[in-house]
Amino acid sequence: MSDDDVELLGLTEIGKLAGVSRQTAQRWHKAPPQHEKNKKPELPSALQKVAKDLGIEVPEAHADRPRYPRAVVEAFLKGIGYMDANGNLVPEIQNKGRGRWLPVKPTIDPTSRGRKPTLRYYVPHAAQELGYATTEAFEQARAKGVGPGPDGHDELFRPFWYGNTLEKCKKQRGQRRKKAQPEPDGFDEDGRPYKLL
């Protein structure tokens, strides 16, 4: 594929494609702020991280008017839950308002390669998959060290899990439940179980 075949999108076009303001697209382009106390290495911007993960060079990322290849932008939008697998905007995010939000459905990891995309499960999806009644119950269990730690954080720093991690955790939880309920040694005349000492 030649450079002429790659459609480059500026921040205004990215905002229009995602259904957000140019300022939001600007935040996706800029690296997260570093604090003086924080000695960690500087993190790349969300869009630049996706480009690096996909192995796509973005020579105009540091220009006065940055432009990104459409493939990078769409992979990013699918990864954070703005687009579905077909490249259509997810209706649930329209008019979602300000503030932190989580995708309605698992999203597609931008680094997915091959036919079947790798899905990212966020807190509500993980709680549902693992059989918790609410996301709060899942978060409380995580705070107590029960359940799996996240497999990573997405480009907006939200924790996520992969499906295979949740499957392993479901199997472990099922095994623990079986072990926690030992079989009785017998039953009395009224059908109540008893254990021999």
# chains A, B, ... in the order shown; residues from 1 in each chain; ligands from 1

$ select_by_dssp --residues "chain A" --states "helix (DSSP H, G or I)" --output "number ranges by chain"
A: 3-5, 11-18, 22-29, 46-54, 70-80, 91-93, 123-129, 135-143, 163-180

$ residues_around --residues "A:Asp109" --least-positions-apart "2" --cutoff "8 Å" --atoms "only C-alpha atoms" --output "mmCIF file with N, CA and C atoms, in the first residue's frame"
data_model
loop_
_atom_site.group_PDB
_atom_site.id
_atom_site.type_symbol
_atom_site.label_atom_id
_atom_site.label_comp_id
_atom_site.auth_asym_id
_atom_site.auth_seq_id
_atom_site.Cartn_x
_atom_site.Cartn_y
_atom_site.Cartn_z
ATOM 1 N N ALA A 75 -9.188 1.761 14.566
ATOM 2 C CA ALA A 75 -8.774 0.761 15.561
ATOM 3 C C ALA A 75 -8.896 1.343 16.967
ATOM 4 N N LYS A 78 -12.642 1.596 17.921
ATOM 5 C CA LYS A 78 -13.182 0.270 18.238
ATOM 6 C C LYS A 78 -12.671 -0.182 19.607
ATOM 7 N N GLY A 79 -11.432 0.152 19.903
ATOM 8 C CA GLY A 79 -10.839 -0.248 21.175
ATOM 9 C C GLY A 79 -11.463 0.423 22.377
ATOM 10 N N THR A 107 -15.265 -4.453 23.835
ATOM 11 C CA THR A 107 -14.707 -3.760 22.675
ATOM 12 C C THR A 107 -13.621 -4.604 22.016
ATOM 13 N N THR A 111 -4.937 -4.138 18.979
ATOM 14 C CA THR A 111 -3.801 -4.954 18.541
ATOM 15 C C THR A 111 -4.247 -6.298 17.988
ATOM 16 N N SER A 112 -5.550 -6.531 17.912
ATOM 17 C CA SER A 112 -6.061 -7.807 17.387
ATOM 18 C C SER A 112 -5.580 -8.030 15.969
ATOM 19 N N PRO A 117 -11.450 -11.120 16.262
ATOM 20 C CA PRO A 117 -10.819 -10.092 17.086
ATOM 21 C C PRO A 117 -10.804 -10.476 18.564
ATOM 22 N N THR A 118 -9.806 -9.990 19.270
ATOM 23 C CA THR A 118 -9.713 -10.186 20.707
ATOM 24 C C THR A 118 -10.586 -9.133 21.369
ATOM 25 N N LEU A 119 -11.435 -9.576 22.288
ATOM 26 C CA LEU A 119 -12.357 -8.652 22.955
ATOM 27 C C LEU A 119 -11.812 -8.227 24.309
ATOM 28 N N ARG A 120 -12.114 -6.978 24.660
ATOM 29 C CA ARG A 120 -11.795 -6.446 25.977
ATOM 30 C C ARG A 120 -13.107 -6.370 26.769
#

$ atom_distance --atom1 "atom CA of A:Ala46" --atom2 "atom CA of A:His29"
6.4 Å

$ atom_distance --atom1 "atom CA of A:Ala31" --atom2 "atom CA of A:Arg67"
15.2 Å

$ select_by_dssp --residues "chain A" --states "strand (DSSP E or B)" --output "NGL selection string"
:A and (8-10 or 67-69 or 83 or 89 or 107-108 or 119-121 or 152-153 or 159-162 or 186-187 or 193-194)

$ residues_around --residues "A:Leu89" --least-positions-apart "5" --cutoff "12 Å" --atoms "only C-alpha atoms" --output "PyMOL selection string"
chain A and resi 16-20+74+77-78+80-84+94+103
